[in-house]
>>> print(open('my_file_35.txt').read())   # compact mmCIF, C-alpha atoms and all ligand atoms
# COMPACT_ATOMS: atom_id res chain seq x y z
CA MET L 273 -13.94 -13.84 -31.92
CA GLY L 274 -15.35 -11.66 -29.16
CA PHE L 275 -15.17 -11.98 -25.39
CA LYS L 276 -18.15 -13.54 -23.68
CA VAL L 277 -19.21 -11.83 -20.49
CA GLY L 278 -21.43 -13.47 -17.88
CA LEU L 279 -22.91 -10.77 -15.68
CA LEU L 280 -24.21 -11.53 -12.19
CA GLY L 281 -26.62 -8.83 -11.04
CA LEU L 282 -28.57 -6.17 -12.90
CA GLY L 283 -28.96 -3.52 -10.20
CA THR L 284 -27.61 0.02 -10.45
CA VAL L 285 -24.03 -0.89 -11.40
CA GLY L 286 -25.07 -3.87 -13.55
CA THR L 287 -27.42 -1.62 -15.51
CA GLY L 288 -24.64 0.95 -16.02
CA THR L 289 -22.29 -1.81 -17.17
CA VAL L 290 -24.76 -3.17 -19.71
CA ASP L 291 -25.43 0.36 -20.94
CA ILE L 292 -21.72 0.84 -21.77
CA MET L 293 -21.49 -2.57 -23.45
CA LEU L 294 -24.58 -1.95 -25.57
CA HIS L 295 -23.27 1.45 -26.70
CA PRO L 296 -19.65 0.96 -27.77
CA GLU L 297 -19.54 3.93 -30.18
CA GLN L 298 -16.66 6.37 -29.57
CA ARG L 299 -15.23 4.20 -26.81
CA HIS L 300 -12.18 1.92 -27.09
CA PRO L 301 -12.64 -0.53 -30.01
CA LEU L 302 -12.37 -3.47 -27.59
CA VAL L 303 -15.72 -2.47 -26.04
CA GLY L 304 -17.33 -3.48 -29.33
CA GLN L 305 -15.85 -6.95 -28.96
CA LEU L 306 -17.49 -7.61 -25.59
CA GLU L 307 -20.46 -9.88 -25.90
CA LEU L 308 -23.08 -9.96 -23.17
CA HIS L 309 -23.60 -13.70 -23.05
CA ARG L 310 -25.81 -14.18 -19.98
CA VAL L 311 -27.15 -11.91 -17.24
CA GLY L 312 -28.04 -13.48 -13.90
CA VAL L 313 -30.92 -11.82 -12.05
CA ARG L 314 -33.17 -12.61 -9.09
CA SER L 315 -36.43 -12.08 -10.97
CA LEU L 316 -37.13 -12.34 -14.70
CA ASP L 317 -40.27 -10.20 -14.44
CA LYS L 318 -38.79 -7.02 -13.01
CA PRO L 319 -38.98 -4.04 -15.38
CA ARG L 320 -35.43 -3.11 -16.55
CA GLN L 321 -33.95 0.31 -17.29
CA VAL L 322 -31.74 -1.04 -20.01
CA ALA L 323 -32.60 -2.97 -23.18
CA VAL L 324 -31.17 -6.38 -22.28
CA PRO L 325 -32.39 -9.11 -24.68
CA THR L 326 -34.76 -11.16 -22.51
CA ASP L 327 -33.39 -14.45 -23.83
CA ILE L 328 -30.04 -13.86 -22.09
CA LEU L 329 -31.61 -13.23 -18.68
CA THR L 330 -31.54 -16.15 -16.27
CA THR L 331 -32.08 -16.78 -12.57
CA ASP L 332 -29.54 -19.63 -12.67
CA LEU L 333 -26.36 -17.84 -11.58
CA GLU L 334 -24.43 -21.10 -11.15
CA ALA L 335 -25.00 -21.94 -14.79
CA ILE L 336 -23.27 -18.68 -15.73
CA VAL L 337 -20.14 -19.24 -13.64
CA THR L 338 -19.77 -22.81 -14.84
CA SER L 339 -20.66 -22.24 -18.50
CA PRO L 340 -17.82 -23.36 -20.82
CA GLU L 341 -18.69 -20.46 -23.10
CA VAL L 342 -18.17 -17.60 -20.64
CA ASP L 343 -14.71 -15.94 -20.63
CA ILE L 344 -15.24 -13.29 -17.96
CA VAL L 345 -17.63 -13.38 -14.99
CA VAL L 346 -18.66 -9.96 -13.67
CA GLU L 347 -19.96 -10.18 -10.11
CA LEU L 348 -22.20 -7.25 -9.21
CA ILE L 349 -24.66 -8.81 -6.78
CA GLY L 350 -22.87 -7.52 -3.67
CA GLY L 351 -23.07 -8.98 -0.15
CA LEU L 352 -21.02 -11.89 1.13
CA GLU L 353 -23.02 -14.90 -0.04
CA PRO L 354 -23.71 -16.18 -2.62
CA ALA L 355 -21.19 -13.71 -4.11
CA ARG L 356 -18.13 -15.37 -2.51
CA SER L 357 -19.17 -18.89 -3.57
CA LEU L 358 -20.01 -17.78 -7.10
CA ILE L 359 -16.64 -16.02 -7.47
CA LEU L 360 -14.81 -19.13 -6.23
CA LYS L 361 -16.83 -21.37 -8.52
CA ALA L 362 -16.11 -19.10 -11.50
CA ILE L 363 -12.38 -19.26 -10.70
CA ALA L 364 -12.52 -23.04 -10.35
CA HIS L 365 -14.06 -23.14 -13.83
CA GLY L 366 -11.19 -21.07 -15.26
CA LYS L 367 -13.09 -17.78 -15.62
CA HIS L 368 -11.52 -14.41 -15.12
CA VAL L 369 -13.52 -12.38 -12.62
CA VAL L 370 -14.35 -8.69 -12.33
CA THR L 371 -16.05 -7.60 -9.14
CA ALA L 372 -17.16 -4.44 -7.34
CA ASN L 373 -17.58 -6.37 -4.10
CA LYS L 374 -15.32 -4.76 -1.48
CA ALA L 375 -16.89 -6.70 1.39
CA VAL L 376 -16.05 -10.07 -0.17
CA ILE L 377 -12.55 -9.05 -1.28
CA ALA L 378 -11.67 -7.45 2.08
CA ARG L 379 -12.79 -10.56 4.00
CA TYR L 380 -12.04 -13.43 1.63
CA GLY L 381 -9.25 -11.96 -0.51
CA ASP L 382 -6.76 -14.61 0.67
CA GLU L 383 -8.99 -17.49 -0.39
CA ILE L 384 -10.03 -15.83 -3.65
CA PHE L 385 -6.57 -14.73 -4.80
CA THR L 386 -4.95 -18.01 -3.81
CA ALA L 387 -7.55 -19.84 -5.91
CA ALA L 388 -7.13 -17.37 -8.79
CA GLU L 389 -3.36 -17.77 -8.81
CA LYS L 390 -3.69 -21.53 -8.83
CA ALA L 391 -6.22 -21.42 -11.67
CA GLY L 392 -4.19 -18.85 -13.63
CA VAL L 393 -7.03 -16.31 -13.81
CA TYR L 394 -7.38 -12.64 -12.92
CA VAL L 395 -9.69 -11.17 -10.30
CA LEU L 396 -9.92 -7.43 -10.92
CA LEU L 397 -11.70 -4.98 -8.63
CA GLU L 398 -11.26 -1.37 -9.72
CA ALA L 399 -14.93 -0.67 -8.92
CA ALA L 400 -14.62 -1.89 -5.32
CA VAL L 401 -12.92 1.29 -4.10
CA GLY L 402 -13.74 4.86 -5.09
CA GLY L 403 -16.42 4.01 -7.69
CA GLY L 404 -15.34 5.69 -10.92
CA ILE L 405 -11.99 6.91 -9.56
CA PRO L 406 -9.07 4.92 -10.97
CA VAL L 407 -7.04 4.02 -7.88
CA ILE L 408 -6.57 0.24 -7.83
CA GLU L 409 -4.85 0.07 -11.18
CA PRO L 410 -2.66 3.13 -10.48
CA LEU L 411 -1.55 1.47 -7.23
CA LYS L 412 -0.81 -1.80 -9.05
CA GLN L 413 0.84 -0.28 -12.09
CA SER L 414 1.49 3.46 -12.43
CA LEU L 415 2.78 3.86 -8.86
CA SER L 416 4.47 0.49 -8.59
CA ALA L 417 7.98 1.96 -8.68
CA ASN L 418 7.26 3.80 -5.44
CA ARG L 419 7.69 2.92 -1.82
CA ILE L 420 4.22 3.90 -0.61
CA GLN L 421 4.25 5.69 2.72
CA SER L 422 0.63 6.56 3.36
CA ILE L 423 -2.89 6.56 2.00
CA LEU L 424 -5.45 9.02 3.31
CA GLY L 425 -8.90 8.73 1.86
CA ILE L 426 -12.45 9.94 1.93
CA ILE L 427 -13.80 6.70 0.49
CA ASN L 428 -17.41 6.66 1.60
CA GLY L 429 -19.74 9.02 -0.24
CA THR L 430 -22.74 8.60 2.07
CA THR L 431 -20.89 9.75 5.19
CA ASN L 432 -19.16 12.55 3.30
CA TYR L 433 -22.58 13.75 2.13
CA ILE L 434 -23.98 13.65 5.69
CA LEU L 435 -20.96 15.44 7.21
CA THR L 436 -21.01 18.06 4.46
CA ARG L 437 -24.67 18.82 5.11
CA MET L 438 -24.14 18.86 8.88
CA THR L 439 -21.39 21.42 8.30
CA GLN L 440 -23.34 23.57 5.86
CA GLU L 441 -26.68 23.46 7.69
CA GLY L 442 -25.63 23.05 11.31
CA GLY L 443 -27.95 20.03 11.55
CA ASP L 444 -27.63 17.00 13.79
CA PHE L 445 -26.59 13.57 12.52
CA ALA L 446 -29.98 11.84 12.97
CA GLU L 447 -31.97 14.52 11.19
CA ILE L 448 -29.59 14.78 8.19
CA LEU L 449 -29.35 10.97 7.93
CA ALA L 450 -33.16 10.71 7.78
CA ASP L 451 -33.25 13.34 5.03
CA ALA L 452 -30.39 11.66 3.13
CA GLN L 453 -32.34 8.38 3.25
CA GLN L 454 -35.44 10.13 1.84
CA LEU L 455 -33.36 11.62 -0.98
CA GLY L 456 -31.69 8.30 -1.80
CA TYR L 457 -28.19 9.35 -0.67
CA ALA L 458 -28.22 6.86 2.23
CA GLU L 459 -29.48 3.27 2.33
CA ALA L 460 -32.54 2.26 4.35
CA ASP L 461 -30.07 0.29 6.49
CA PRO L 462 -27.19 2.77 6.70
CA THR L 463 -25.01 0.66 9.03
CA ALA L 464 -22.22 -0.26 6.60
CA ASP L 465 -21.75 3.36 5.60
CA VAL L 466 -22.30 5.36 8.80
CA ASP L 467 -20.47 2.92 11.07
CA GLY L 468 -17.41 3.04 8.81
CA LEU L 469 -17.52 -0.64 7.77
CA ASP L 470 -17.63 0.13 4.04
CA ALA L 471 -14.64 2.48 4.35
CA ALA L 472 -12.78 -0.13 6.42
CA ASP L 473 -13.31 -2.76 3.70
CA LYS L 474 -11.97 -0.31 1.13
CA ILE L 475 -8.89 0.83 3.07
CA ALA L 476 -8.02 -2.82 3.84
CA ILE L 477 -7.97 -3.43 0.08
CA LEU L 478 -5.96 -0.29 -0.71
CA ALA L 479 -3.45 -1.02 2.08
CA SER L 480 -2.96 -4.56 0.87
CA LEU L 481 -2.10 -3.30 -2.62
CA ALA L 482 0.00 -0.37 -1.46
CA PHE L 483 2.06 -2.28 1.08
CA GLY L 484 2.20 -5.64 -0.66
CA GLY L 485 0.80 -7.85 2.09
CA ARG L 486 -2.48 -9.24 3.23
CA VAL L 487 -4.54 -7.41 5.81
CA LYS L 488 -6.91 -9.06 8.27
CA ARG L 489 -10.09 -7.03 7.88
CA SER L 490 -11.15 -7.81 11.46
CA GLU L 491 -8.02 -6.03 12.75
CA VAL L 492 -8.80 -2.73 11.00
CA TYR L 493 -9.88 -0.13 13.59
CA CYS L 494 -13.22 1.30 12.59
CA GLU L 495 -15.28 4.09 14.11
CA GLY L 496 -18.21 5.69 12.27
CA ILE L 497 -19.86 9.10 12.38
CA ARG L 498 -22.96 8.49 14.53
CA ARG L 499 -21.43 10.31 17.49
CA VAL L 500 -20.24 13.37 15.60
CA SER L 501 -22.48 16.21 16.81
CA ALA L 502 -23.42 19.59 15.39
CA ALA L 503 -21.52 21.09 18.36
CA ASP L 504 -18.29 19.31 17.37
CA ILE L 505 -18.62 20.45 13.78
CA ALA L 506 -19.18 24.04 14.93
CA TYR L 507 -16.16 23.99 17.29
CA ALA L 508 -13.99 22.35 14.64
CA GLU L 509 -15.00 25.06 12.19
CA LYS L 510 -14.04 27.79 14.68
CA LEU L 511 -10.70 26.09 15.29
CA GLY L 512 -9.99 25.91 11.54
CA PHE L 513 -10.92 22.27 10.83
CA ALA L 514 -13.48 20.30 8.81
CA ILE L 515 -14.64 16.94 10.20
CA LYS L 516 -14.24 14.11 7.68
CA LEU L 517 -14.52 10.33 7.91
CA LEU L 518 -10.94 9.44 6.98
CA ALA L 519 -9.60 6.03 6.08
CA ILE L 520 -5.89 5.96 6.83
CA ALA L 521 -3.18 3.40 6.09
CA LYS L 522 0.46 4.10 6.88
CA ARG L 523 3.71 2.35 7.41
CA ASP L 524 4.13 2.46 11.15
CA ASP L 525 7.13 4.67 11.81
CA ASP L 526 6.74 4.01 15.53
CA ALA L 527 7.09 0.25 15.08
CA PRO L 528 9.24 -1.15 17.85
CA ALA L 529 12.90 -0.59 17.10
CA LEU L 530 13.61 -4.28 17.60
CA LEU L 531 11.79 -5.12 14.37
CA ASP L 532 14.28 -5.31 11.54
CA LYS L 533 13.74 -3.02 8.59
CA PHE L 534 11.90 -5.63 6.51
CA GLN L 535 9.50 -6.47 9.31
CA GLN L 536 8.99 -2.76 9.90
CA ALA L 537 7.91 -2.32 6.29
CA ASP L 538 5.04 -4.73 6.96
CA HIS L 539 4.03 -3.13 10.22
CA LEU L 540 1.12 -0.81 9.46
CA GLN L 541 -1.49 1.36 11.04
CA ILE L 542 -4.86 1.08 9.35
CA ARG L 543 -7.85 2.92 10.73
CA VAL L 544 -11.15 4.56 9.88
CA HIS L 545 -12.54 7.32 12.08
CA PRO L 546 -13.99 10.82 11.98
CA THR L 547 -11.07 13.22 11.94
CA LEU L 548 -10.54 16.97 12.29
CA VAL L 549 -8.80 17.93 9.05
CA PRO L 550 -7.14 21.37 8.80
CA LYS L 551 -9.09 23.47 6.31
CA SER L 552 -5.90 24.04 4.32
CA HIS L 553 -5.54 20.27 3.70
CA PRO L 554 -6.63 19.10 0.22
CA LEU L 555 -9.10 16.56 1.70
CA ALA L 556 -10.93 19.23 3.74
CA SER L 557 -12.63 20.64 0.67
CA VAL L 558 -13.81 17.28 -0.73
CA ASN L 559 -17.54 17.60 -0.13
CA GLN L 560 -20.92 16.03 -0.85
CA VAL L 561 -20.77 12.46 -2.21
CA TYR L 562 -17.31 12.86 -3.72
CA ASN L 563 -14.41 10.61 -2.78
CA ALA L 564 -10.71 11.45 -2.79
CA ILE L 565 -7.61 9.42 -2.06
CA LEU L 566 -4.28 11.04 -1.27
CA ILE L 567 -1.32 8.72 -1.74
CA GLU L 568 2.20 9.57 -0.65
CA GLY L 569 5.04 7.61 -2.16
CA ASP L 570 8.77 7.77 -2.51
CA PRO L 571 9.86 9.25 -4.84
CA VAL L 572 6.60 10.47 -6.41
CA GLY L 573 5.50 12.64 -3.46
CA GLU L 574 1.78 13.26 -3.00
CA VAL L 575 -0.78 12.37 -5.64
CA MET L 576 -4.50 12.83 -5.17
CA PHE L 577 -7.29 10.94 -6.93
CA PHE L 578 -10.67 12.68 -6.83
CA GLY L 579 -14.06 11.93 -8.32
CA PRO L 580 -17.44 10.26 -8.00
CA GLY L 581 -17.19 7.37 -5.56
CA ALA L 582 -20.47 5.69 -6.44
CA GLY L 583 -23.36 5.68 -8.91
CA ALA L 584 -24.27 3.64 -11.97
CA GLY L 585 -22.15 5.42 -14.59
CA PRO L 586 -18.95 6.00 -12.58
CA THR L 587 -18.87 2.52 -11.06
CA ALA L 588 -19.68 0.89 -14.41
CA SER L 589 -16.81 2.87 -15.94
CA ALA L 590 -14.46 1.07 -13.52
CA VAL L 591 -16.10 -2.34 -14.09
CA VAL L 592 -15.82 -2.11 -17.87
CA SER L 593 -12.21 -0.91 -17.69
CA ASP L 594 -11.40 -4.13 -15.79
CA ILE L 595 -13.27 -6.21 -18.38
CA LEU L 596 -11.23 -4.47 -21.07
CA ASN L 597 -7.96 -5.20 -19.27
CA ILE L 598 -8.82 -8.88 -19.35
CA ALA L 599 -10.04 -8.69 -22.96
CA ALA L 600 -6.72 -7.07 -23.93
CA ILE L 601 -4.75 -9.90 -22.30
CA LEU L 602 -6.96 -12.50 -23.97
CA THR L 603 -6.41 -10.75 -27.32
CA VAL L 604 -2.65 -11.15 -26.97
CA ASP L 605 -2.99 -14.73 -25.67
CA ARG L 606 -5.22 -15.75 -28.55
CA ALA L 607 -2.82 -14.25 -31.10
CA GLY L 608 0.17 -16.20 -29.76
CA PRO L 609 0.97 -19.89 -29.89
CA SER L 610 -1.55 -21.85 -27.87
CA SER L 611 -0.34 -23.22 -24.60
CA ASP L 612 -2.32 -24.68 -21.80
CA ARG L 613 -1.41 -22.13 -19.24
CA LYS L 614 -0.23 -18.55 -19.71
CA PRO L 615 1.60 -16.85 -16.85
CA LEU L 616 -0.34 -14.04 -15.18
CA ASP L 617 0.80 -10.44 -15.63
CA PRO L 618 2.50 -9.80 -12.27
CA LEU L 619 1.38 -6.17 -12.21
CA LEU L 620 -2.30 -7.08 -12.59
CA ALA L 621 -2.48 -10.29 -10.55
CA CYS L 622 -2.29 -10.44 -6.78
CA ALA L 623 0.40 -12.77 -5.49
CA HIS L 624 1.33 -11.73 -1.95
CA GLN L 625 0.94 -14.42 0.67
CA HIS L 626 1.97 -13.03 4.03
CA TYR L 627 -0.05 -10.93 6.45
CA CYS L 628 0.95 -7.43 7.55
CA THR L 629 0.90 -6.77 11.27
CA LEU L 630 -1.21 -3.86 12.44
CA ALA L 631 -0.18 -1.51 15.23
CA PRO L 632 -2.50 -1.43 18.26
CA MET L 633 -4.47 1.83 18.50
CA ASP L 634 -3.02 2.53 21.96
CA ASP L 635 0.37 3.01 20.28
CA LEU L 636 -0.95 5.50 17.71
CA VAL L 637 0.60 8.93 18.07
CA THR L 638 -1.77 11.69 16.98
CA ARG L 639 -3.37 14.95 18.05
CA PHE L 640 -6.77 14.87 19.76
CA TYR L 641 -9.76 17.14 20.13
CA ALA L 642 -11.92 16.60 23.22
CA ARG L 643 -15.09 18.36 24.33
CA LEU L 644 -15.93 18.21 28.01
CA ILE L 645 -19.01 19.35 29.89
CA THR L 646 -17.95 20.54 33.35
CA HIS L 647 -19.25 22.53 36.29
CA ASP L 648 -18.01 26.09 36.20
CA TYR L 649 -15.96 25.85 39.41
CA PRO L 650 -12.73 27.74 40.04
CA GLY L 651 -9.74 25.53 39.28
CA VAL L 652 -11.41 23.09 36.86
CA ILE L 653 -9.18 24.01 33.95
CA GLY L 654 -6.14 23.74 36.22
CA GLN L 655 -7.24 20.29 37.39
CA LEU L 656 -7.70 19.12 33.80
CA GLY L 657 -4.33 20.54 32.73
CA THR L 658 -2.55 18.81 35.63
CA CYS L 659 -4.17 15.47 34.85
CA PHE L 660 -3.31 15.66 31.15
CA GLY L 661 0.26 16.63 32.07
CA GLN L 662 0.61 13.67 34.43
CA HIS L 663 -0.24 11.37 31.53
CA GLN L 664 2.26 13.02 29.14
CA VAL L 665 -0.57 14.71 27.21
CA SER L 666 0.59 18.14 26.12
CA LEU L 667 -2.15 20.64 25.31
CA GLU L 668 -2.04 22.88 22.27
CA SER L 669 -5.17 24.87 23.18
CA VAL L 670 -7.91 25.01 25.79
CA VAL L 671 -11.07 26.99 25.10
CA GLN L 672 -14.02 27.50 27.38
CA THR L 673 -16.68 28.88 25.13
CA ASP L 674 -20.12 28.13 26.36
CA VAL L 675 -21.13 28.82 29.96
CA LYS L 676 -24.77 28.23 30.86
CA GLY L 677 -25.65 28.52 34.55
CA ASP L 678 -22.93 26.62 36.37
CA ARG L 679 -22.14 24.47 33.31
CA ALA L 680 -19.17 25.09 31.08
CA GLU L 681 -18.13 23.50 27.84
CA ILE L 682 -14.36 23.10 27.52
CA VAL L 683 -12.67 22.12 24.27
CA VAL L 684 -9.06 20.97 24.30
CA VAL L 685 -6.77 20.24 21.39
CA THR L 686 -3.61 18.29 22.22
CA HIS L 687 -0.19 18.11 20.64
CA ASP L 688 0.85 14.69 19.33
CA VAL L 689 0.29 12.15 22.09
CA ARG L 690 0.18 8.40 22.43
CA GLU L 691 -3.46 7.30 22.22
CA GLY L 692 -3.04 5.01 25.23
CA ASN L 693 -1.90 7.99 27.35
CA MET L 694 -4.81 10.12 26.16
CA ASN L 695 -7.28 7.37 27.07
CA GLN L 696 -5.79 6.99 30.55
CA ALA L 697 -6.03 10.75 31.13
CA LEU L 698 -9.65 10.82 29.97
CA GLU L 699 -10.50 7.84 32.16
CA GLU L 700 -9.25 9.73 35.18
CA ILE L 701 -10.98 12.95 34.08
CA ARG L 702 -14.33 11.15 33.79
CA GLY L 703 -14.09 10.47 37.52
CA PHE L 704 -13.66 14.15 38.51
CA ASP L 705 -16.56 15.64 40.51
CA ALA L 706 -16.38 18.76 38.35
CA VAL L 707 -16.71 16.81 35.09
CA GLU L 708 -20.20 15.91 34.00
CA GLU L 709 -19.30 14.30 30.71
CA VAL L 710 -16.51 13.79 28.20
CA ALA L 711 -18.91 14.57 25.36
CA SER L 712 -16.63 13.74 22.47
CA VAL L 713 -13.10 12.72 21.59
CA LEU L 714 -11.91 12.96 17.99
CA ARG L 715 -8.51 12.56 16.36
CA VAL L 716 -6.91 15.49 14.55
CA LEU L 717 -4.92 15.09 11.35
N1 LIG L 801 -21.98 3.00 -0.12
C1 LIG L 801 -20.81 3.51 -0.75
C2 LIG L 801 -20.63 4.96 -0.41
C3 LIG L 801 -20.83 3.44 -2.24
O1 LIG L 801 -21.49 5.59 0.23
O2 LIG L 801 -19.58 5.49 -0.75
C4 LIG L 801 -20.39 2.14 -2.78
O3 LIG L 801 -19.09 1.82 -2.43
>>> encode(input="my_file_35.txt", output="structure tokens")
Amino acid sequence: MGFKVGLLGLGTVGTGTVDIMLHPEQRHPLVGQLELHRVGVRSLDKPRQVAVPTDILTTDLEAIVTSPEVDIVVELIGGLEPARSLILKAIAHGKHVVTANKAVIARYGDEIFTAAEKAGVYVLLEAAVGGGIPVIEPLKQSLSANRIQSILGIINGTTNYILTRMTQEGGDFAEILADAQQLGYAEADPTADVDGLDAADKIAILASLAFGGRVKRSEVYCEGIRRVSAADIAYAEKLGFAIKLLAIAKRDDDAPALLDKFQQADHLQIRVHPTLVPKSHPLASVNQVYNAILIEGDPVGEVMFFGPGAGAGPTASAVVSDILNIAAILTVDRAGPSSDRKPLDPLLACAHQHYCTLAPMDDLVTRFYARLITHDYPGVIGQLGTCFGQHQVSLESVVQTDVKGDRAEIVVVTHDVREGNMNQALEEIRGFDAVEEVASVLRVL
């Protein structure tokens, strides 16, 4: 007896998923036991790039998630609704669920996993983060003996592509974005990618798995790449850095000492922002649409996952691996004595209930890069240095590189400082007569 799959959505990833299922040769033998039972689509008339038998296509997605015949529902329609409701309905009808939907999981994970636990079904989501890169299952299983300390990731391919081209061509954000849209590397509405929302969804999911607690997506600090300029990229390059959109999740070592050690373990910093990454760092050379996730754990040390973060084939590879995980469990269940309810594999299911607390950004301690446009008066650098000093901001370097007429461009890089102190210093600096503009402020890894 095979495993009946009800697929919701036949877009790029759905098409890749069907393609694997229809061509099981030389893959794991379980692939041959997957049976594409129904495929839910928006329109029956649309030409398809994969040979799906037309009699299994339907526009009635509810009928798929409630069908007594379906074992596994694969949600690949994306977006919040109706995806969330269909996932919940599938769970309520006892279906295992595989999804690539990071937005739904990051926002409604509590509701979905609570329902799944109650119903005794799995909700697997390898494809939601890093496309074809295995990272969810390694966090759940292969790295589960570790105390995870940090996750640093380039987990949005669109922004990595844009930043790579800005670096290689010296182009401005708007012009490269327009070209990326023409070439199909960026969506017509690029908001979720370029404003960092997609990466924030993904790091919320990774942090939740790595640190064993729920994360409120709305509390994740998120800053995109729209304000990164060609000038910043050029200065960063001269200073020995690449600019990358990093998603970062860490245990917060600076958590107030009054928290006991168990509370401290659940006190995290989670953030997404463009970051100056030293060129010697392994993430600095991850370019184009590639993704990479660097995980540090005790005792494993640093492990890096690298690969294609999107696309039909890579993402479908992750989707089908989740389907196979469920099929493998069902194989064992079906071979054993029948019982109404089998316990869930604790390494594959998600059972944490409590929420992690996130550190306010003002308390973050990091290095900063700032570019200021000033008048070229005597004493301006001294004035800036004094102000930074008064706010406990110690400077690592100050460079005045570009003087045009009476205008100067001054770039400072700080030592580690508290973000709140840096912001106070900049606030004061913005009010100086000699300062025309604080043109950009970026964090440094
Ligand atoms: N839009 C995502 C990216 C791919 O650019 O990485 C899907 O997660």
>>> closest_residue(input="my_file_35.txt", among="L:Gln453, L:Ser501, L:Thr289, L:Ser357", to="ligand LIG 801 (chain L)", atoms="only C-alpha atoms and all ligand atoms")
L:Gln453
>>> residues_near_ligand(input="my_file_35.txt", ligand="ligand LIG 801 (chain L)", cutoff="9 Å", atoms="only C-alpha atoms and all ligand atoms", output="count of residues only")
34
>>> atom_distance(input="my_file_35.txt", atom1="atom CA of L:Val313", atom2="atom CA of L:Ala391")
26.5 Å
>>> residues_around(input="my_file_35.txt", residues="L:Gln664", least_positions_apart="3", cutoff="7 Å", atoms="all atoms listed in the file", output="list in words")
Phe660, Gly661 and Asn693 of chain L
>>> write_last_selection(input="my_file_35.txt", atoms="C-alpha atoms", output="PDB file, in the coordinates of the input")
ATOM      1  CA  PHE L 660      -3.310  15.660  31.150  1.00  0.00           C
ATOM      2  CA  GLY L 661       0.260  16.630  32.070  1.00  0.00           C
ATOM      3  CA  ASN L 693      -1.900   7.990  27.350  1.00  0.00           C
TER       4      ASN L 693
END
>>> atom_distance(input="my_file_35.txt", atom1="atom CA of L:Asp570", atom2="atom CA of L:Gln421")
7.2 Å
>>> residues_around(input="my_file_35.txt", residues="L:Arg679", least_positions_apart="5", cutoff="10 Å", atoms="all atoms listed in the file", output="list in words")
Ile645, Thr646, His647, Asp648, Tyr649, Asp674, Ala706, Val707 and Glu708 of chain L
>>> residues_around(input="my_file_35.txt", residues="L:Ala482", least_positions_apart="6", cutoff="8 Å", atoms="all atoms listed in the file", output="ChimeraX atom specification")
/L:411-412,420
>>> closest_residue(input="my_file_35.txt", among="L:Pro615, L:Lys522, L:Leu329, L:Leu596", to="L:His300", atoms="all atoms listed in the file")
L:Leu596
>>> residues_around(input="my_file_35.txt", residues="L:Met633", least_positions_apart="5", cutoff="12 Å", atoms="only C-alpha atoms", output="ChimeraX atom specification")
/L:491-495,524,526,540-545,638,689-695,715
>>> write_last_selection(input="my_file_35.txt", atoms="C-alpha atoms", output="PDB file, in the coordinates of the input")
ATOM      1  CA  GLU L 491      -8.020  -6.030  12.750  1.00  0.00           C
ATOM      2  CA  VAL L 492      -8.800  -2.730  11.000  1.00  0.00           C
ATOM      3  CA  TYR L 493      -9.880  -0.130  13.590  1.00  0.00           C
ATOM      4  CA  CYS L 494     -13.220   1.300  12.590  1.00  0.00           C
ATOM      5  CA  GLU L 495     -15.280   4.090  14.110  1.00  0.00           C
ATOM      6  CA  ASP L 524       4.130   2.460  11.150  1.00  0.00           C
ATOM      7  CA  ASP L 526       6.740   4.010  15.530  1.00  0.00           C
ATOM      8  CA  LEU L 540       1.120  -0.810   9.460  1.00  0.00           C
ATOM      9  CA  GLN L 541      -1.490   1.360  11.040  1.00  0.00           C
ATOM     10  CA  ILE L 542      -4.860   1.080   9.350  1.00  0.00           C
ATOM     11  CA  ARG L 543      -7.850   2.920  10.730  1.00  0.00           C
ATOM     12  CA  VAL L 544     -11.150   4.560   9.880  1.00  0.00           C
ATOM     13  CA  HIS L 545     -12.540   7.320  12.080  1.00  0.00           C
ATOM     14  CA  THR L 638      -1.770  11.690  16.980  1.00  0.00           C
ATOM     15  CA  VAL L 689       0.290  12.150  22.090  1.00  0.00           C
ATOM     16  CA  ARG L 690       0.180   8.400  22.430  1.00  0.00           C
ATOM     17  CA  GLU L 691      -3.460   7.300  22.220  1.00  0.00           C
ATOM     18  CA  GLY L 692      -3.040   5.010  25.230  1.00  0.00           C
ATOM     19  CA  ASN L 693      -1.900   7.990  27.350  1.00  0.00           C
ATOM     20  CA  MET L 694      -4.810  10.120  26.160  1.00  0.00           C
ATOM     21  CA  ASN L 695      -7.280   7.370  27.070  1.00  0.00           C
ATOM     22  CA  ARG L 715      -8.510  12.560  16.360  1.00  0.00           C
TER      23      ARG L 715
END
>>> residues_around(input="my_file_35.txt", residues="L:Ala623", least_positions_apart="4", cutoff="9 Å", atoms="all atoms listed in the file", output="PDB file with C-alpha atoms, in the frame of the given file")
ATOM      1  CA  PHE L 385      -6.570 -14.730  -4.800  1.00  0.00           C
ATOM      2  CA  THR L 386      -4.950 -18.010  -3.810  1.00  0.00           C
ATOM      3  CA  GLU L 389      -3.360 -17.770  -8.810  1.00  0.00           C
ATOM      4  CA  GLY L 484       2.200  -5.640  -0.660  1.00  0.00           C
ATOM      5  CA  PRO L 618       2.500  -9.800 -12.270  1.00  0.00           C
TER       6      PRO L 618
END
>>> decode(input="my_file_35.txt", residues="stretch 381-390 of chain L", atoms="C-alpha atoms", output="mmCIF file, in the first residue's frame")
data_model
loop_
_atom_site.group_PDB
_atom_site.id
_atom_site.type_symbol
_atom_site.label_atom_id
_atom_site.label_comp_id
_atom_site.auth_asym_id
_atom_site.auth_seq_id
_atom_site.Cartn_x
_atom_site.Cartn_y
_atom_site.Cartn_z
ATOM 1 C CA GLY L 381 3.495 28.169 14.381
ATOM 2 C CA ASP L 382 2.034 28.091 17.919
ATOM 3 C CA GLU L 383 -1.492 27.421 16.687
ATOM 4 C CA ILE L 384 -0.362 24.931 14.030
ATOM 5 C CA PHE L 385 2.012 22.896 16.207
ATOM 6 C CA THR L 386 -0.372 22.840 19.154
ATOM 7 C CA ALA L 387 -3.069 21.456 16.841
ATOM 8 C CA ALA L 388 -0.625 18.973 15.292
ATOM 9 C CA GLU L 389 0.490 17.683 18.679
ATOM 10 C CA LYS L 390 -3.096 17.238 19.765
#
